[in-house]
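Visitor: Handing you this structure, nothing more for now.
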Amino acid sequence: MKMNLIRIYGLFLRHFYLITKSFPRILDLIYWPTIQITLWGFISNFFATYSTYYNNAVGIILTCAILYDFLFRTSIGFNMLFLEEIWSRNFTNLFISPMRISEIIASLVGTALIRALIGLVPAILLTSPLFGISILNLGINLFFLFLSLYLFGITLGILVSAGLLRFGPSFENIAWSTMFLIAPFGCIYYPIDILPDFFQQIAYSMPLVYVFEEARRILIDQTVITENIYKAFIINIVYLTAAISLFYYSFHQARKKGTLINIGE
Amino acid sequence: MTNLVEVKNLKKNYSSKEAVKNISFNIKENEILGLLGPNGSGKTTTIGMLLGLLKPSAGEIKIDNMNFEKNRIDILSKINFISPYIELPKKLTVKQNLTVYGKLYNIKNLNERIDYLTEKLRLEELLSRITGELSSGQKNRASLAKALINKPKVLFLDEPTASLDPEIGDFVRSFLETYKQENKISILLASHNMNEVNRLCKSVLMMKNGIIIDEGTPESLIDKHGRKNLEEVFLKLSRNENEFN
């Protein structure tokens, strides 16, 4: 598959200009993760003080909150980039340019990561002085956990954007609600045993449960089951491949049904 | 003269409606072809197919001797489009927008190209301004610069001077005439401004209900229908409800 790096950079540049030009936009990116993590920091302190389950590892909830927020920001970030083109009535200009679908996806995937990091890095830096917790306690595994969450975040972003392509702006509400729909099955703040059997089957079909169970295991037992990390990675690749295929399919359907024209104006 | 755009038996069906019914036409090199028709006649659908935003239900589009469906990306790098109904990102400056689109079209010597368009379209004072804060006329010139950033061989214009005051409208028309002459590009102009069509177009297609109901030079159409000007021809053809169904 041929991809042109200059075109990918061009679309990145469009969003980079947008973010760096506006202080409120940067503030918006930083504000929510910081509030979220500060809130979970205090909740985490409370549980660490009063719960026997958590008193061996003060930072479990907060670490999981940071990981979940990274997933959330990546997914929403991808959707936001796509929605931005619709809101600014620039959609037609983008789709009549010689950008391949693969180039659009590649550019948005990279830009979504940068957006997520802009929001999350200051929040992560806050956790150490405020709560005495460092996410780096997860060690080298932190990279693999983040990678898994990043892959799943962009997978969700691509799936929602495929819906936007196919069904137009009316799909926008779904864009905001996807993460909330998936969160209960992700076992972010609780072990999978809490879920009823049927929900556990659903949870095991997604990579999140492996990521968050591993994060807890590392912090509580200081052990790692690498098989779970591999499982999460493989499931991610399957979903990502399906999401990209669906995005292509939606693009072709949108060309057939005329959605691209209706979105563009 | 060679045909840069060849449209053969083009059709577009939506589930319950035939929007474009088997139309064929060509646009020659260095020609401006007018596309006229009342709202809902199939002009936008036709332009959508020529821009690759819509997949034809049947028929073939060739641009620069390449089949559109088989060479979509190559063709998109050779064409461009301007319409008052689509906009450049409002929060970016004009220069940033031109830079972004220059990259998307992978333009070599981009700064030189931007300088050229800046001079030709009198954009010097607009380059550092936020696009969303420009007047309609200024936005139009910025959009025109974007539409020409890739030195298109074929330019599609959808009501390019709608909402412009007469002076700016005249500037845009003069610019298009000169640019076409200097660069030998082909232009498809969809417009409701009959004076504009009369001035710019050597030939005209009249569409109604998804078909081409008449074509020719503006003069020949006026003669054929026994009217004083193109506007009256347009009104006659548009109002004749059943003749072309």
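Each chain in the structure tokens gets a letter, A, B, ..., in the order shown, and its residues are numbered from 1; ligands are numbered from 1 in order too.
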Compile a residue-level contact table for chain A against chain B at a cut-off of 10 Å, reporting for every qualifying residue the shortest atom pair and its distance in Å to one decimal, with only C-alpha atoms counted, rows ordered by chain and ascending number, as JSON lines.
Guide:
```
{"residue": "A:Asn4", "atom": "CA", "partner": "B:Asn106", "partner_atom": "CA", "distance": 8.4}
{"residue": "A:Leu5", "atom": "CA", "partner": "B:Asn106", "partner_atom": "CA", "distance": 9.3}
{"residue": "A:Ile6", "atom": "CA", "partner": "B:Lys103", "partner_atom": "CA", "distance": 5.9}
{"residue": "A:Arg7", "atom": "CA", "partner": "B:Leu104", "partner_atom": "CA", "distance": 4.4}
{"residue": "A:Ile8", "atom": "CA", "partner": "B:Leu104", "partner_atom": "CA", "distance": 7.5}
{"residue": "A:Tyr9", "atom": "CA", "partner": "B:Lys103", "partner_atom": "CA", "distance": 7.3}
{"residue": "A:Gly10", "atom": "CA", "partner": "B:Lys103", "partner_atom": "CA", "distance": 4.7}
{"residue": "A:Leu11", "atom": "CA", "partner": "B:Val100", "partner_atom": "CA", "distance": 6.7}
{"residue": "A:Phe12", "atom": "CA", "partner": "B:Val100", "partner_atom": "CA", "distance": 8.7}
{"residue": "A:Leu13", "atom": "CA", "partner": "B:Val100", "partner_atom": "CA", "distance": 6.4}
{"residue": "A:Arg14", "atom": "CA", "partner": "B:Val100", "partner_atom": "CA", "distance": 5.8}
{"residue": "A:His15", "atom": "CA", "partner": "B:Leu92", "partner_atom": "CA", "distance": 9.4}
{"residue": "A:Tyr17", "atom": "CA", "partner": "B:Leu92", "partner_atom": "CA", "distance": 6.8}
{"residue": "A:Leu18", "atom": "CA", "partner": "B:Leu92", "partner_atom": "CA", "distance": 6.5}
{"residue": "A:Ile19", "atom": "CA", "partner": "B:Lys91", "partner_atom": "CA", "distance": 9.8}
{"residue": "A:Lys21", "atom": "CA", "partner": "B:Leu92", "partner_atom": "CA", "distance": 8.0}
{"residue": "A:Ser22", "atom": "CA", "partner": "B:Lys91", "partner_atom": "CA", "distance": 8.8}
{"residue": "A:Glu84", "atom": "CA", "partner": "B:Pro89", "partner_atom": "CA", "distance": 9.0}
{"residue": "A:Glu85", "atom": "CA", "partner": "B:Pro89", "partner_atom": "CA", "distance": 7.9}
{"residue": "A:Trp87", "atom": "CA", "partner": "B:Pro89", "partner_atom": "CA", "distance": 9.3}
{"residue": "A:Ser88", "atom": "CA", "partner": "B:Pro89", "partner_atom": "CA", "distance": 5.7}
{"residue": "A:Arg89", "atom": "CA", "partner": "B:Ile86", "partner_atom": "CA", "distance": 5.5}
{"residue": "A:Asn90", "atom": "CA", "partner": "B:Glu87", "partner_atom": "CA", "distance": 5.5}
{"residue": "A:Phe91", "atom": "CA", "partner": "B:Ile86", "partner_atom": "CA", "distance": 8.0}
{"residue": "A:Thr92", "atom": "CA", "partner": "B:Ile86", "partner_atom": "CA", "distance": 6.8}
{"residue": "A:Asn93", "atom": "CA", "partner": "B:Ile86", "partner_atom": "CA", "distance": 7.4}
{"residue": "A:Leu94", "atom": "CA", "partner": "B:Leu104", "partner_atom": "CA", "distance": 8.5}
{"residue": "A:Phe95", "atom": "CA", "partner": "B:Leu53", "partner_atom": "CA", "distance": 7.1}
{"residue": "A:Ile96", "atom": "CA", "partner": "B:Leu51", "partner_atom": "CA", "distance": 6.1}
{"residue": "A:Ser97", "atom": "CA", "partner": "B:Leu76", "partner_atom": "CA", "distance": 5.9}
{"residue": "A:Pro98", "atom": "CA", "partner": "B:Ile73", "partner_atom": "CA", "distance": 4.9}
{"residue": "A:Met99", "atom": "CA", "partner": "B:Leu104", "partner_atom": "CA", "distance": 6.6}
{"residue": "A:Arg100", "atom": "CA", "partner": "B:Ile73", "partner_atom": "CA", "distance": 7.0}
{"residue": "A:Glu103", "atom": "CA", "partner": "B:Leu104", "partner_atom": "CA", "distance": 9.9}
{"residue": "A:Phe251", "atom": "CA", "partner": "B:Leu53", "partner_atom": "CA", "distance": 9.6}
{"residue": "A:His252", "atom": "CA", "partner": "B:Lys55", "partner_atom": "CA", "distance": 8.0}
{"residue": "A:Gln253", "atom": "CA", "partner": "B:Lys55", "partner_atom": "CA", "distance": 9.0}
{"residue": "A:Ala254", "atom": "CA", "partner": "B:Leu54", "partner_atom": "CA", "distance": 7.7}
{"residue": "A:Arg255", "atom": "CA", "partner": "B:Leu54", "partner_atom": "CA", "distance": 4.3}
{"residue": "A:Lys256", "atom": "CA", "partner": "B:Lys55", "partner_atom": "CA", "distance": 5.2}
{"residue": "A:Lys257", "atom": "CA", "partner": "B:Tyr14", "partner_atom": "CA", "distance": 6.6}
{"residue": "A:Gly258", "atom": "CA", "partner": "B:Leu54", "partner_atom": "CA", "distance": 5.8}
{"residue": "A:Thr259", "atom": "CA", "partner": "B:Leu54", "partner_atom": "CA", "distance": 8.5}
{"residue": "A:Leu260", "atom": "CA", "partner": "B:Leu53", "partner_atom": "CA", "distance": 6.0}
{"residue": "A:Ile261", "atom": "CA", "partner": "B:Leu53", "partner_atom": "CA", "distance": 6.4}
{"residue": "A:Gly264", "atom": "CA", "partner": "B:Ile86", "partner_atom": "CA", "distance": 6.7}
{"residue": "A:Glu265", "atom": "CA", "partner": "B:Tyr85", "partner_atom": "CA", "distance": 5.6}
```
Visitor: Go ahead and save the picked residues with C-alpha atoms, as a PDB file, in the first residue's frame.
Guide:
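Okay, out_33.pdb is ready:
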```
ATOM      1  CA  ASN A   4       2.900   9.595   0.836  1.00  0.00           C
ATOM      2  CA  LEU A   5       4.506  11.024   3.978  1.00  0.00           C
ATOM      3  CA  ILE A   6       4.151  14.616   2.795  1.00  0.00           C
ATOM      4  CA  ARG A   7       0.389  14.246   2.489  1.00  0.00           C
ATOM      5  CA  ILE A   8       0.228  12.585   5.895  1.00  0.00           C
ATOM      6  CA  TYR A   9       2.273  15.465   7.293  1.00  0.00           C
ATOM      7  CA  GLY A  10      -0.028  17.959   5.531  1.00  0.00           C
ATOM      8  CA  LEU A  11      -3.112  16.700   7.349  1.00  0.00           C
ATOM      9  CA  PHE A  12      -1.190  16.541  10.615  1.00  0.00           C
ATOM     10  CA  LEU A  13      -0.103  20.151  10.029  1.00  0.00           C
ATOM     11  CA  ARG A  14      -3.722  21.244   9.582  1.00  0.00           C
ATOM     12  CA  HIS A  15      -4.552  19.991  13.101  1.00  0.00           C
ATOM     13  CA  TYR A  17      -1.897  24.678  13.450  1.00  0.00           C
ATOM     14  CA  LEU A  18      -5.368  24.437  14.912  1.00  0.00           C
ATOM     15  CA  ILE A  19      -4.197  23.197  18.308  1.00  0.00           C
ATOM     16  CA  LYS A  21      -3.006  28.551  17.531  1.00  0.00           C
ATOM     17  CA  SER A  22      -5.598  28.455  20.255  1.00  0.00           C
ATOM     18  CA  GLU A  84     -13.525  18.936  13.032  1.00  0.00           C
ATOM     19  CA  GLU A  85     -13.500  18.505   9.241  1.00  0.00           C
ATOM     20  CA  TRP A  87     -17.886  21.154  11.527  1.00  0.00           C
ATOM     21  CA  SER A  88     -15.548  23.407   9.556  1.00  0.00           C
ATOM     22  CA  ARG A  89     -17.223  22.417   6.247  1.00  0.00           C
ATOM     23  CA  ASN A  90     -13.824  21.317   5.014  1.00  0.00           C
ATOM     24  CA  PHE A  91     -14.880  17.730   4.401  1.00  0.00           C
ATOM     25  CA  THR A  92     -15.275  18.088   0.644  1.00  0.00           C
ATOM     26  CA  ASN A  93     -11.888  19.779   0.285  1.00  0.00           C
ATOM     27  CA  LEU A  94     -10.280  16.875   2.109  1.00  0.00           C
ATOM     28  CA  PHE A  95     -11.970  14.145   0.088  1.00  0.00           C
ATOM     29  CA  ILE A  96     -11.332  15.766  -3.285  1.00  0.00           C
ATOM     30  CA  SER A  97      -7.640  16.035  -2.471  1.00  0.00           C
ATOM     31  CA  PRO A  98      -5.474  13.137  -3.623  1.00  0.00           C
ATOM     32  CA  MET A  99      -5.188  11.696  -0.112  1.00  0.00           C
ATOM     33  CA  ARG A 100      -5.582   7.967   0.105  1.00  0.00           C
ATOM     34  CA  GLU A 103      -3.001   8.344   4.470  1.00  0.00           C
ATOM     35  CA  PHE A 251     -16.062   5.206   2.258  1.00  0.00           C
ATOM     36  CA  HIS A 252     -17.166   3.159  -0.743  1.00  0.00           C
ATOM     37  CA  GLN A 253     -20.736   3.055   0.552  1.00  0.00           C
ATOM     38  CA  ALA A 254     -20.657   6.819   1.167  1.00  0.00           C
ATOM     39  CA  ARG A 255     -19.597   7.337  -2.449  1.00  0.00           C
ATOM     40  CA  LYS A 256     -22.483   5.146  -3.584  1.00  0.00           C
ATOM     41  CA  LYS A 257     -25.118   6.680  -1.316  1.00  0.00           C
ATOM     42  CA  GLY A 258     -23.988  10.293  -1.689  1.00  0.00           C
ATOM     43  CA  THR A 259     -23.167  10.872   1.981  1.00  0.00           C
ATOM     44  CA  LEU A 260     -19.842  12.520   1.172  1.00  0.00           C
ATOM     45  CA  ILE A 261     -21.615  15.301  -0.687  1.00  0.00           C
ATOM     46  CA  GLY A 264     -19.503  18.320   2.824  1.00  0.00           C
ATOM     47  CA  GLU A 265     -21.997  21.124   2.501  1.00  0.00           C
TER      48      GLU A 265
END
```
Visitor: Do a neighbour search on B:Leu189 at 7 Å with only C-alpha atoms, toss out local chain neighbours closer than 2 positions, and write the hits as a PDB file with N, CA and C atoms, in the first residue's frame.
Guide:
```pdb
ATOM      1  N   ILE B  32     -13.925  26.547 -21.433  1.00  0.00           N
ATOM      2  CA  ILE B  32     -14.808  26.665 -20.270  1.00  0.00           C
ATOM      3  C   ILE B  32     -16.195  26.213 -20.721  1.00  0.00           C
ATOM      4  N   LEU B  33     -16.673  25.159 -20.101  1.00  0.00           N
ATOM      5  CA  LEU B  33     -17.999  24.631 -20.424  1.00  0.00           C
ATOM      6  C   LEU B  33     -18.970  25.032 -19.321  1.00  0.00           C
ATOM      7  N   GLY B  34     -20.067  25.635 -19.699  1.00  0.00           N
ATOM      8  CA  GLY B  34     -21.076  26.032 -18.717  1.00  0.00           C
ATOM      9  C   GLY B  34     -22.045  24.898 -18.461  1.00  0.00           C
ATOM     10  N   LEU B  35     -22.407  24.717 -17.209  1.00  0.00           N
ATOM     11  CA  LEU B  35     -23.393  23.696 -16.853  1.00  0.00           C
ATOM     12  C   LEU B  35     -24.561  24.414 -16.182  1.00  0.00           C
ATOM     13  N   PHE B 156     -13.200  22.659 -11.505  1.00  0.00           N
ATOM     14  CA  PHE B 156     -14.664  22.622 -11.403  1.00  0.00           C
ATOM     15  C   PHE B 156     -15.116  23.789 -10.540  1.00  0.00           C
ATOM     16  N   LEU B 157     -15.986  24.587 -11.077  1.00  0.00           N
ATOM     17  CA  LEU B 157     -16.455  25.780 -10.360  1.00  0.00           C
ATOM     18  C   LEU B 157     -17.958  25.688 -10.157  1.00  0.00           C
ATOM     19  N   ASP B 158     -18.361  25.759  -8.903  1.00  0.00           N
ATOM     20  CA  ASP B 158     -19.794  25.728  -8.610  1.00  0.00           C
ATOM     21  C   ASP B 158     -20.180  27.108  -8.083  1.00  0.00           C
ATOM     22  N   ILE B 187     -12.263  24.121 -17.788  1.00  0.00           N
ATOM     23  CA  ILE B 187     -13.094  24.516 -16.643  1.00  0.00           C
ATOM     24  C   ILE B 187     -14.536  24.085 -16.892  1.00  0.00           C
ATOM     25  N   SER B 191     -23.348  27.540 -12.866  1.00  0.00           N
ATOM     26  CA  SER B 191     -23.677  28.882 -12.374  1.00  0.00           C
ATOM     27  C   SER B 191     -25.129  29.207 -12.681  1.00  0.00           C
TER      28      SER B 191
END
```
Visitor: Excluding stretch 212-227 of chain B and its own-chain neighbours fewer than 2 positions away, which residues fall within 9 Å of it when counting only C-alpha atoms? Please give them as a compact mmCIF listing (two decimals) with C-alpha atoms, in the first residue's frame.
Guide:
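The result, written out as out_11.txt:
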```txt
# COMPACT_ATOMS: atom_id res chain seq x y z
CA LYS B 21 -29.84 9.74 -16.52
CA ASN B 22 -27.34 8.67 -19.11
CA ILE B 23 -25.54 11.92 -19.93
CA SER B 24 -22.50 12.29 -22.17
CA VAL B 197 -21.88 32.08 -18.34
CA ASN B 198 -22.35 34.22 -21.43
CA CYS B 201 -18.28 29.95 -21.69
CA LYS B 202 -17.77 28.96 -25.30
CA SER B 203 -20.33 26.21 -24.92
CA VAL B 204 -23.12 25.40 -22.55
CA LEU B 205 -25.00 22.31 -21.36
CA MET B 206 -28.56 22.72 -20.13
CA MET B 207 -29.65 20.07 -17.62
CA LYS B 208 -33.10 19.30 -16.33
CA ASN B 209 -34.42 16.29 -14.46
CA GLY B 210 -31.08 14.52 -14.77
CA ASN B 229 -30.51 36.34 -24.01
CA LEU B 230 -29.36 33.22 -22.19
CA GLU B 231 -31.43 33.99 -19.12
CA GLU B 232 -34.61 33.86 -21.16
CA VAL B 233 -33.51 30.60 -22.73
CA LYS B 236 -38.02 28.87 -21.10
CA LEU B 237 -36.35 25.49 -20.66
CA PHE B 244 -38.13 16.86 -21.22
```
Visitor: DSSP on the backbone: what in stretch 139-210 of chain A comes out alpha helix (DSSP H), as a PyMOL selection string?
Guide: chain A and resi 141-167+172-186+197-204+208-210
Visitor: I need the residues from that last selection saved to file as a CSV table (one decimal), in the first residue's frame (with C-alpha atoms), if you can.
Guide:
```csv
chain,number,residue,atom,x,y,z
A,141,ASN,CA,5.3,-3.2,30.8
A,142,LEU,CA,3.8,0.3,30.9
A,143,PHE,CA,4.8,0.7,27.3
A,144,PHE,CA,3.0,-2.4,26.2
A,145,LEU,CA,-0.1,-1.5,28.2
A,146,PHE,CA,-0.1,2.0,26.7
A,147,LEU,CA,0.4,0.5,23.2
A,148,SER,CA,-2.5,-1.9,23.7
A,149,LEU,CA,-4.8,1.0,24.9
A,150,TYR,CA,-3.6,3.2,22.0
A,151,LEU,CA,-4.4,0.5,19.5
A,152,PHE,CA,-7.8,-0.1,21.0
A,153,GLY,CA,-8.5,3.7,21.2
A,154,ILE,CA,-7.8,4.3,17.6
A,155,THR,CA,-9.7,1.2,16.7
A,156,LEU,CA,-12.8,2.7,18.3
A,157,GLY,CA,-12.0,6.1,16.7
A,158,ILE,CA,-11.8,4.5,13.3
A,159,LEU,CA,-15.1,2.5,13.9
A,160,VAL,CA,-17.0,5.7,14.9
A,161,SER,CA,-15.5,7.7,12.0
A,162,ALA,CA,-16.6,4.9,9.7
A,163,GLY,CA,-20.1,5.5,11.0
A,164,LEU,CA,-19.8,9.2,10.5
A,165,LEU,CA,-18.6,8.6,6.9
A,166,ARG,CA,-21.5,6.3,6.2
A,167,PHE,CA,-24.3,7.9,8.1
A,172,GLU,CA,-22.1,12.2,16.1
A,173,ASN,CA,-23.8,11.2,19.3
A,174,ILE,CA,-22.5,7.7,19.0
A,175,ALA,CA,-19.0,9.2,18.8
A,176,TRP,CA,-19.4,10.5,22.3
A,177,SER,CA,-21.0,7.5,23.8
A,178,THR,CA,-18.9,4.6,22.6
A,179,MET,CA,-16.4,4.7,25.4
A,180,PHE,CA,-19.1,4.8,28.0
A,181,LEU,CA,-20.7,1.8,26.5
A,182,ILE,CA,-17.5,-0.2,26.6
A,183,ALA,CA,-16.2,0.9,30.0
A,184,PRO,CA,-18.2,-1.5,32.1
A,185,PHE,CA,-16.8,-4.5,30.2
A,186,GLY,CA,-13.2,-3.1,30.4
A,197,ASP,CA,-20.7,-14.8,33.6
A,198,PHE,CA,-22.3,-13.6,30.3
A,199,PHE,CA,-20.6,-10.2,30.7
A,200,GLN,CA,-17.3,-11.9,31.4
A,201,GLN,CA,-17.5,-13.5,28.0
A,202,ILE,CA,-18.0,-10.1,26.4
A,203,ALA,CA,-15.2,-8.7,28.5
A,204,TYR,CA,-12.8,-11.4,27.4
A,208,LEU,CA,-9.2,-4.0,27.9
A,209,VAL,CA,-9.7,-6.7,30.5
A,210,TYR,CA,-6.3,-8.1,29.8
```
Visitor: Closest to A:Tyr249 among A:Ile101, A:Asn45, A:Ile61, A:Val121, using only C-alpha atoms?
Guide: A:Ile101
Visitor: For a test of reading the model, state the distance in Å between atom CA of B:Asp165 and atom CA of B:Glu125, rounded to one decimal.
Guide: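 Those two atoms sit 19.6 Å apart.
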Visitor: Considering only C-alpha atoms, state which residue in the set A:Ile218, A:Leu62, A:Ile237, A:Ile194 is at the smallest distance from A:Ser128.
Guide: A:Leu62
Visitor: Go through stretch 42-141 of chain B and collect every residue that DSSP, computed from the backbone, puts in strand (DSSP E or B); the answer should be as a PyMOL selection string.
Guide: chain B and resi 58-63+66-67+79-82+93+130
Visitor: Distance atom CA of B:Asn3-atom CA of B:Asn67, one decimal place?
Guide: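 Distance between the two atoms: 13.3 Å.
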Visitor: Compile the contact shell of A:Arg73 as a list in words: residues with an atom at most 8 Å away, counting only C-alpha atoms, same-chain residues fewer than 2 positions apart removed.
Guide: Asp69, Phe70, Leu71, Ser75, Ile76, Gly77, Ala112, Arg115, Ala116, Gly119 and Gly153 of chain A
Visitor: Of the residues B:Ser41, B:Thr2, B:Glu124, B:Ile27, which is the one nearest to B:Leu155, using only C-alpha atoms?
Guide: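 When distances to B:Leu155 are compared using only C-alpha atoms, the smallest one comes from B:Ile27.
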Visitor: Point out the residue among B:Ile211, B:Ile63, B:Leu164, B:Leu126 with the least atom-to-atom distance to B:Gly42, counting only C-alpha atoms.
Guide: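 Counting only C-alpha atoms, the residue closest to B:Gly42 is B:Ile211.
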